[in-house]
file entry-v7.txt (compact mmCIF, C-alpha atoms and all ligand atoms)
# COMPACT_ATOMS: atom_id res chain seq x y z
CA MET A 43 -77.55 -97.91 -39.80
CA LYS A 44 -79.81 -98.36 -36.80
CA PHE A 45 -79.55 -100.41 -33.64
CA GLU A 46 -82.38 -102.81 -32.88
CA ARG A 47 -83.22 -104.97 -29.91
CA ALA A 48 -82.89 -108.71 -30.55
CA GLN A 49 -83.46 -111.91 -28.61
CA LYS A 50 -81.84 -115.33 -29.01
CA GLY A 51 -82.95 -117.80 -26.35
CA GLY A 52 -82.13 -116.18 -23.00
CA TRP A 53 -79.88 -113.61 -24.63
CA SER A 54 -81.28 -110.13 -25.00
CA TYR A 55 -79.10 -107.65 -26.89
CA TYR A 56 -78.78 -104.74 -29.28
CA ARG A 57 -77.32 -105.12 -32.75
CA VAL A 58 -77.14 -103.45 -36.14
CA PRO A 59 -78.80 -105.83 -38.63
CA GLU A 60 -76.91 -104.54 -41.73
CA LEU A 61 -73.61 -105.28 -40.06
CA GLU A 62 -74.69 -108.77 -39.11
CA ALA A 63 -75.81 -109.33 -42.72
CA ALA A 64 -72.30 -108.27 -43.78
CA GLY A 65 -70.83 -111.14 -41.72
CA ILE A 66 -69.98 -109.26 -38.56
CA LEU A 67 -71.80 -111.00 -35.74
CA HIS A 68 -72.04 -108.78 -32.70
CA GLY A 69 -74.14 -107.81 -29.71
CA PHE A 70 -74.43 -105.38 -26.83
CA PHE A 71 -76.25 -107.36 -24.14
CA THR A 72 -78.72 -106.22 -21.53
CA ARG A 73 -78.33 -107.23 -17.92
CA ALA A 74 -81.15 -109.77 -18.34
CA SER A 75 -78.75 -111.93 -20.37
CA PRO A 76 -76.48 -114.49 -18.71
CA TYR A 77 -72.99 -113.36 -17.88
CA VAL A 78 -70.13 -115.13 -19.61
CA GLU A 79 -67.19 -116.57 -17.69
CA PRO A 80 -64.24 -118.27 -19.40
CA HIS A 81 -65.16 -121.78 -18.20
CA GLY A 82 -68.71 -121.46 -16.87
CA LYS A 83 -71.78 -123.17 -18.29
CA ASP A 84 -73.14 -119.93 -19.68
CA GLY A 85 -69.97 -119.76 -21.73
CA LYS A 86 -70.98 -122.98 -23.48
CA ALA A 87 -74.53 -121.68 -23.91
CA PHE A 88 -73.15 -118.47 -25.41
CA LEU A 89 -71.02 -120.38 -27.93
CA ASP A 90 -73.98 -122.57 -28.89
CA ALA A 91 -76.47 -119.70 -29.18
CA PHE A 92 -74.25 -117.72 -31.57
CA ALA A 93 -72.56 -120.69 -33.32
CA LEU A 94 -69.11 -119.67 -32.14
CA ARG A 95 -66.00 -121.84 -31.74
CA ARG A 96 -64.60 -119.97 -28.78
CA PHE A 97 -64.47 -116.61 -27.12
CA VAL A 98 -61.84 -114.43 -25.51
CA VAL A 99 -62.64 -112.56 -22.31
CA MET A 100 -59.95 -110.84 -20.24
CA ASP A 101 -59.35 -109.16 -16.92
CA GLN A 102 -59.94 -105.55 -17.88
CA GLU A 103 -57.57 -102.97 -16.46
CA HIS A 104 -58.87 -99.58 -17.68
CA GLY A 105 -55.66 -99.35 -19.69
CA ASP A 106 -54.89 -99.28 -23.40
CA ALA A 107 -53.53 -102.79 -24.10
CA ILE A 108 -55.00 -104.30 -27.27
CA HIS A 109 -54.49 -107.92 -28.30
CA VAL A 110 -54.72 -109.41 -31.78
CA ILE A 111 -56.06 -112.94 -31.27
CA ARG A 112 -54.24 -115.61 -33.28
CA ASP A 113 -53.93 -119.38 -33.02
CA GLY A 114 -55.97 -120.00 -29.90
CA GLU A 115 -54.33 -117.19 -27.94
CA ARG A 116 -55.99 -116.29 -24.62
CA PRO A 117 -54.50 -113.08 -23.22
CA LYS A 118 -55.07 -112.71 -19.49
CA SER A 119 -55.58 -108.98 -19.33
CA GLY A 120 -56.16 -105.93 -21.47
CA ASP A 121 -58.94 -103.66 -22.76
CA GLY A 122 -59.07 -104.22 -26.50
CA ILE A 123 -59.45 -107.35 -28.63
CA ILE A 124 -58.92 -107.66 -32.36
CA ILE A 125 -60.36 -110.74 -34.05
CA ILE A 126 -58.85 -112.04 -37.29
CA GLU A 127 -60.16 -115.64 -37.27
CA LYS A 128 -63.72 -116.74 -38.05
CA ASP A 129 -66.17 -117.79 -35.32
CA VAL A 130 -63.99 -116.48 -32.49
CA ALA A 131 -65.66 -113.84 -30.33
CA GLY A 132 -63.98 -110.99 -28.50
CA VAL A 133 -65.96 -110.25 -25.33
CA ILE A 134 -65.84 -107.01 -23.34
CA LYS A 135 -67.61 -106.58 -19.98
CA THR A 136 -69.15 -103.24 -19.08
CA ALA A 137 -71.27 -101.53 -16.42
CA ASP A 138 -71.16 -97.81 -17.43
CA CYS A 139 -67.94 -97.89 -19.47
CA LEU A 140 -68.37 -97.63 -23.22
CA PRO A 141 -68.07 -100.74 -25.41
CA ILE A 142 -67.02 -99.89 -28.97
CA ILE A 143 -67.07 -102.31 -31.87
CA ILE A 144 -65.00 -101.46 -34.94
CA ALA A 145 -65.89 -103.40 -38.06
CA ALA A 146 -64.22 -103.61 -41.45
CA PRO A 147 -66.88 -105.13 -43.73
CA GLY A 148 -65.34 -107.40 -46.37
CA LEU A 149 -62.10 -107.86 -44.44
CA PRO A 150 -61.26 -110.53 -41.84
CA VAL A 151 -60.66 -108.13 -38.99
CA ALA A 152 -62.93 -106.73 -36.26
CA GLY A 153 -62.20 -105.01 -32.99
CA ILE A 154 -63.88 -104.42 -29.66
CA VAL A 155 -62.74 -101.98 -27.01
CA HIS A 156 -63.53 -101.27 -23.36
CA ALA A 157 -63.45 -97.48 -23.08
CA GLY A 158 -63.97 -96.12 -19.60
CA TRP A 159 -62.69 -92.65 -18.83
CA ARG A 160 -59.14 -93.88 -18.21
CA GLY A 161 -58.95 -95.91 -21.41
CA THR A 162 -60.53 -93.05 -23.37
CA ALA A 163 -58.06 -90.52 -21.98
CA ALA A 164 -55.27 -92.99 -22.90
CA LYS A 165 -56.78 -93.03 -26.44
CA ILE A 166 -57.36 -96.77 -26.61
CA THR A 167 -59.86 -96.29 -29.46
CA ARG A 168 -57.22 -94.60 -31.61
CA LYS A 169 -54.83 -97.49 -30.91
CA ALA A 170 -57.46 -100.03 -31.95
CA VAL A 171 -57.96 -98.24 -35.29
CA GLN A 172 -54.21 -98.05 -35.85
CA LYS A 173 -53.81 -101.79 -35.14
CA MET A 174 -56.64 -102.60 -37.55
CA ALA A 175 -55.00 -100.40 -40.19
CA GLU A 176 -51.73 -102.29 -39.70
CA LEU A 177 -53.71 -105.47 -40.39
CA GLY A 178 -54.89 -104.09 -43.71
CA ALA A 179 -58.14 -102.28 -42.89
CA GLU A 180 -58.73 -98.97 -44.67
CA ARG A 181 -59.90 -96.25 -42.32
CA GLU A 182 -62.57 -94.92 -44.71
CA GLY A 183 -64.25 -98.33 -44.76
CA LEU A 184 -64.38 -98.81 -41.00
CA ILE A 185 -67.66 -98.71 -39.11
CA ALA A 186 -67.72 -97.95 -35.39
CA LEU A 187 -70.62 -98.87 -33.11
CA MET A 188 -70.89 -97.31 -29.68
CA GLY A 189 -72.95 -99.44 -27.32
CA PRO A 190 -74.71 -98.63 -24.06
CA SER A 191 -72.67 -96.58 -21.59
CA ILE A 192 -73.27 -93.97 -18.95
CA GLY A 193 -74.38 -90.88 -20.86
CA PRO A 194 -73.64 -87.15 -20.55
CA CYS A 195 -77.04 -86.97 -18.80
CA CYS A 196 -75.63 -88.83 -15.77
CA TYR A 197 -71.84 -88.93 -15.83
CA GLU A 198 -70.73 -86.22 -13.42
CA VAL A 199 -66.97 -85.86 -13.10
CA LYS A 200 -64.69 -83.72 -10.95
CA GLU A 201 -61.70 -81.54 -11.86
CA ASP A 202 -59.23 -84.42 -11.56
CA VAL A 203 -60.91 -86.28 -14.43
CA SER A 204 -61.87 -83.31 -16.63
CA GLY A 205 -58.35 -81.88 -16.21
CA ILE A 206 -56.80 -85.07 -17.59
CA PHE A 207 -59.00 -84.86 -20.71
CA ARG A 208 -58.15 -81.20 -21.24
CA ASN A 209 -54.43 -81.96 -20.87
CA GLU A 210 -54.76 -84.75 -23.42
CA GLY A 211 -56.14 -82.31 -25.99
CA PHE A 212 -59.84 -83.25 -25.96
CA PRO A 213 -62.23 -80.45 -26.97
CA ASP A 214 -64.55 -78.64 -24.54
CA ARG A 215 -67.64 -80.10 -26.22
CA ILE A 216 -67.02 -83.46 -24.49
CA PHE A 217 -68.25 -81.73 -21.32
CA ARG A 218 -71.68 -80.50 -20.34
CA GLU A 219 -71.91 -77.92 -17.59
CA ASP A 220 -75.05 -77.85 -15.49
CA GLY A 221 -75.70 -76.16 -12.16
CA GLY A 222 -72.01 -75.91 -11.30
CA ALA A 223 -71.43 -79.57 -12.10
CA THR A 224 -69.45 -81.00 -15.04
CA TYR A 225 -70.71 -84.00 -16.98
CA LEU A 226 -68.48 -86.06 -19.28
CA ASP A 227 -69.72 -87.27 -22.66
CA ILE A 228 -67.59 -90.39 -23.02
CA ARG A 229 -69.17 -91.14 -26.42
CA GLU A 230 -68.31 -87.71 -27.80
CA ALA A 231 -64.75 -88.13 -26.52
CA ASN A 232 -64.44 -91.42 -28.40
CA ARG A 233 -66.21 -89.98 -31.46
CA GLU A 234 -63.48 -87.33 -31.45
CA LEU A 235 -60.75 -90.01 -31.36
CA LEU A 236 -62.42 -91.92 -34.19
CA ARG A 237 -62.91 -88.80 -36.34
CA ARG A 238 -59.28 -87.79 -35.88
CA GLU A 239 -58.35 -91.23 -37.25
CA GLY A 240 -60.49 -90.60 -40.30
CA ILE A 241 -63.48 -92.77 -39.34
CA LYS A 242 -66.68 -91.28 -40.72
CA ASN A 243 -69.17 -94.05 -40.07
CA ILE A 244 -69.89 -93.86 -36.37
CA TYR A 245 -73.19 -95.08 -34.92
CA ASP A 246 -74.28 -94.53 -31.33
CA ALA A 247 -76.90 -96.71 -29.64
CA GLY A 248 -77.76 -93.68 -27.49
CA LEU A 249 -78.46 -95.83 -24.45
CA CYS A 250 -77.49 -94.64 -20.97
CA THR A 251 -76.71 -97.47 -18.56
CA TYR A 252 -77.47 -95.27 -15.54
CA CYS A 253 -80.93 -93.97 -16.45
CA SER A 254 -82.28 -96.72 -18.71
CA GLY A 255 -84.76 -98.03 -16.15
CA GLY A 256 -82.60 -100.95 -15.06
CA LEU A 257 -82.11 -102.40 -18.55
CA PHE A 258 -78.35 -102.31 -17.99
CA ALA A 259 -76.04 -102.81 -15.03
CA SER A 260 -74.58 -99.51 -13.82
CA TYR A 261 -71.56 -99.25 -11.54
CA ARG A 262 -72.40 -95.67 -10.65
CA ARG A 263 -75.90 -96.66 -9.63
CA GLY A 264 -74.26 -98.87 -7.01
CA GLU A 265 -74.22 -102.23 -8.80
CA ARG A 266 -70.63 -103.00 -8.11
CA GLY A 267 -70.72 -106.70 -8.86
CA SER A 268 -72.87 -106.83 -11.94
CA ARG A 269 -71.96 -106.25 -15.58
CA GLN A 270 -73.15 -107.02 -19.07
CA ILE A 271 -71.20 -108.41 -21.98
CA ASN A 272 -70.62 -107.15 -25.52
CA PHE A 273 -69.05 -109.13 -28.35
CA VAL A 274 -67.90 -109.12 -31.94
CA SER A 275 -66.92 -112.01 -34.22
CA LEU A 276 -66.52 -112.83 -37.90
CA LYS A 277 -69.05 -115.29 -39.30
CA GLY A 278 -67.56 -118.41 -40.84
ZN ZN B 1 -78.41 -91.09 -18.17
call {"tool": "encode", "arguments": {"input": "entry-v7.txt", "output": "structure tokens"}}
result
Amino acid sequence: MKFERAQKGGWSYYRVPELEAAGILHGFFTRASPYVEPHGKDGKAFLDAFALRRFVVMDQEHGDAIHVIRDGERPKSGDGIIIIEKDVAGVIKTADCLPIIIAAPGLPVAGIVHAGWRGTAAKITRKAVQKMAELGAEREGLIALMGPSIGPCCYEVKEDVSGIFRNEGFPDRIFREDGGATYLDIREANRELLRREGIKNIYDAGLCTYCSGGLFASYRRGERGSRQINFVSLKG
């Protein structure tokens, strides 16, 4: 499976066409796309553009809370969303953190996770897989997509952060050492969590938000207020 760039009206995003063909509508947006707020006009435009009934977007806390969305539920805060109803989108906002979509083709369940370093160290991705398994998804059939995030090329971390990962049992290969500095590979850390859960189908967009020539908003590059959205939903 390969990521490709797509455009729908003013919405520019990356997607995996085979997954969309399998009924899992999804996108990792570039910063050129409008930003979605719960009640703003772009929210309506987003619903119209992707033929959605509604979307769920939360205050993200860099924690590990995951919500299964049922019966019009709108959780206020958390970092993972699991969709079980058709035409409802789970939206995650990012600006360096890693958005991960977990799909279960053929089953009415799909997840999306906001995995920054804190959420990754708290193993939010593992929790998302476990919740999806509780809802009937078989691990071998799951497909994980890792969207744009800050890459190991640019994500320098200090001892405080790398120490937490080592204490949590992450392998050394999630770090890259260069010129006395340590760089964190947040995608490899999440790949490790997914593999430990038995997920074999993991696809990485390979896009770094920091050094992608301004295609994406990057917190580390100093864009504190700007973010892009990522979503997953089940086609009706
Ligand atoms: Zn980079």
call {"tool": "closest_residue", "arguments": {"input": "entry-v7.txt", "among": "A:Gly51, A:Gly65, A:Gly114, A:Pro213", "to": "Val151 in chain A", "atoms": "all atoms listed in the file"}}
result
A:Gly65
call {"tool": "closest_residue", "arguments": {"input": "entry-v7.txt", "among": "A:Ile154, A:Ala186, A:Ala231, A:Leu226", "to": "ligand ZN 1 (chain B)", "atoms": "all atoms listed in the file"}}
result
A:Leu226
call {"tool": "residues_near_ligand", "arguments": {"input": "entry-v7.txt", "ligand": "ligand ZN 1 (chain B)", "cutoff": "12 Å", "atoms": "only C-alpha atoms and all ligand atoms", "output": "ChimeraX atom specification"}}
result
/A:138,190-198,225-228,248-258,260,262-263
call {"tool": "residues_around", "arguments": {"input": "entry-v7.txt", "residues": "Leu187 in chain A", "least_positions_apart": "6", "cutoff": "6 Å", "atoms": "only C-alpha atoms", "output": "ChimeraX atom specification"}}
result
/A:142-143,245-246
call {"tool": "atom_distance", "arguments": {"input": "entry-v7.txt", "atom1": "CA of Phe97 in chain A", "atom2": "CA of Arg269 in chain A"}}
result
17.2 Å
call {"tool": "residues_around", "arguments": {"input": "entry-v7.txt", "residues": "Asn272 in chain A", "least_positions_apart": "5", "cutoff": "12 Å", "atoms": "all atoms listed in the file", "output": "count of residues only"}}
result
44
call {"tool": "atom_distance", "arguments": {"input": "entry-v7.txt", "atom1": "CA of Gln270 in chain A", "atom2": "CA of Glu239 in chain A"}}
result
28.3 Å
call {"tool": "atom_distance", "arguments": {"input": "entry-v7.txt", "atom1": "CA of Leu184 in chain A", "atom2": "CA of Glu127 in chain A"}}
result
17.7 Å
call {"tool": "closest_residue", "arguments": {"input": "entry-v7.txt", "among": "A:Lys128, A:Arg160, A:Lys173, A:Arg47", "to": "Phe207 in chain A", "atoms": "only C-alpha atoms"}}
result
A:Arg160
call {"tool": "residues_around", "arguments": {"input": "entry-v7.txt", "residues": "Gln102 in chain A", "least_positions_apart": "5", "cutoff": "7 Å", "atoms": "only C-alpha atoms", "output": "JSON, numbers by chain"}}
result
{"A": [119, 120, 121]}
call {"tool": "residues_near_point", "arguments": {"input": "entry-v7.txt", "point": "(-78.2, -100.2, -39.5)", "cutoff": "8 Å", "atoms": "all atoms listed in the file", "output": "list in words"}}
result
Met43, Lys44, Phe45, Val58, Pro59, Glu60 and Leu61 of chain A
call {"tool": "build_atoms", "arguments": {"input": "entry-v7.txt", "residues": "range 201-225 of chain A", "atoms": "N, CA and C atoms", "output": "short mmCIF file (atom, residue, chain, number, x, y, z; two decimals), in the coordinates of the input"}}
result
data_model
loop_
_atom_site.label_atom_id
_atom_site.label_comp_id
_atom_site.auth_asym_id
_atom_site.auth_seq_id
_atom_site.Cartn_x
_atom_site.Cartn_y
_atom_site.Cartn_z
N GLU A 201 -62.87 -82.18 -11.22
CA GLU A 201 -61.70 -81.54 -11.86
C GLU A 201 -60.58 -82.53 -12.21
N ASP A 202 -60.35 -83.50 -11.32
CA ASP A 202 -59.23 -84.42 -11.56
C ASP A 202 -59.41 -85.14 -12.90
N VAL A 203 -60.64 -85.56 -13.18
CA VAL A 203 -60.91 -86.28 -14.43
C VAL A 203 -60.98 -85.32 -15.62
N SER A 204 -61.74 -84.23 -15.49
CA SER A 204 -61.87 -83.31 -16.63
C SER A 204 -60.52 -82.69 -16.98
N GLY A 205 -59.68 -82.45 -15.97
CA GLY A 205 -58.35 -81.88 -16.21
C GLY A 205 -57.48 -82.80 -17.06
N ILE A 206 -57.59 -84.11 -16.81
CA ILE A 206 -56.80 -85.07 -17.59
C ILE A 206 -57.21 -85.01 -19.06
N PHE A 207 -58.52 -84.93 -19.32
CA PHE A 207 -59.00 -84.86 -20.71
C PHE A 207 -58.52 -83.58 -21.38
N ARG A 208 -58.60 -82.48 -20.65
CA ARG A 208 -58.15 -81.20 -21.24
C ARG A 208 -56.66 -81.26 -21.55
N ASN A 209 -55.88 -81.83 -20.63
CA ASN A 209 -54.43 -81.96 -20.87
C ASN A 209 -54.12 -82.85 -22.06
N GLU A 210 -54.98 -83.81 -22.31
CA GLU A 210 -54.76 -84.75 -23.42
C GLU A 210 -55.26 -84.19 -24.75
N GLY A 211 -55.76 -82.95 -24.73
CA GLY A 211 -56.14 -82.31 -25.99
C GLY A 211 -57.56 -82.58 -26.46
N PHE A 212 -58.43 -83.04 -25.57
CA PHE A 212 -59.84 -83.25 -25.96
C PHE A 212 -60.57 -81.90 -25.98
N PRO A 213 -61.53 -81.73 -26.87
CA PRO A 213 -62.23 -80.45 -26.97
C PRO A 213 -63.25 -80.24 -25.84
N ASP A 214 -63.60 -78.99 -25.62
CA ASP A 214 -64.55 -78.64 -24.54
C ASP A 214 -65.93 -79.29 -24.74
N ARG A 215 -66.28 -79.59 -26.00
CA ARG A 215 -67.64 -80.10 -26.22
C ARG A 215 -67.85 -81.51 -25.66
N ILE A 216 -66.80 -82.15 -25.14
CA ILE A 216 -67.02 -83.46 -24.49
C ILE A 216 -67.58 -83.27 -23.07
N PHE A 217 -67.68 -82.00 -22.64
CA PHE A 217 -68.25 -81.73 -21.32
C PHE A 217 -69.57 -80.99 -21.43
N ARG A 218 -70.43 -81.23 -20.46
CA ARG A 218 -71.68 -80.50 -20.34
C ARG A 218 -71.68 -79.89 -18.94
N GLU A 219 -71.89 -78.59 -18.90
CA GLU A 219 -71.91 -77.92 -17.59
C GLU A 219 -73.37 -77.71 -17.19
N ASP A 220 -73.66 -78.02 -15.95
CA ASP A 220 -75.05 -77.85 -15.49
C ASP A 220 -75.07 -77.63 -13.98
N GLY A 221 -75.56 -76.47 -13.59
CA GLY A 221 -75.70 -76.16 -12.16
C GLY A 221 -74.41 -76.27 -11.37
N GLY A 222 -73.30 -75.85 -11.99
CA GLY A 222 -72.01 -75.91 -11.30
C GLY A 222 -71.33 -77.26 -11.39
N ALA A 223 -72.02 -78.24 -11.97
CA ALA A 223 -71.43 -79.57 -12.10
C ALA A 223 -70.96 -79.79 -13.55
N THR A 224 -69.98 -80.66 -13.71
CA THR A 224 -69.45 -81.00 -15.04
C THR A 224 -69.79 -82.45 -15.35
N TYR A 225 -70.36 -82.66 -16.54
CA TYR A 225 -70.71 -84.00 -16.98
C TYR A 225 -69.86 -84.37 -18.19
#
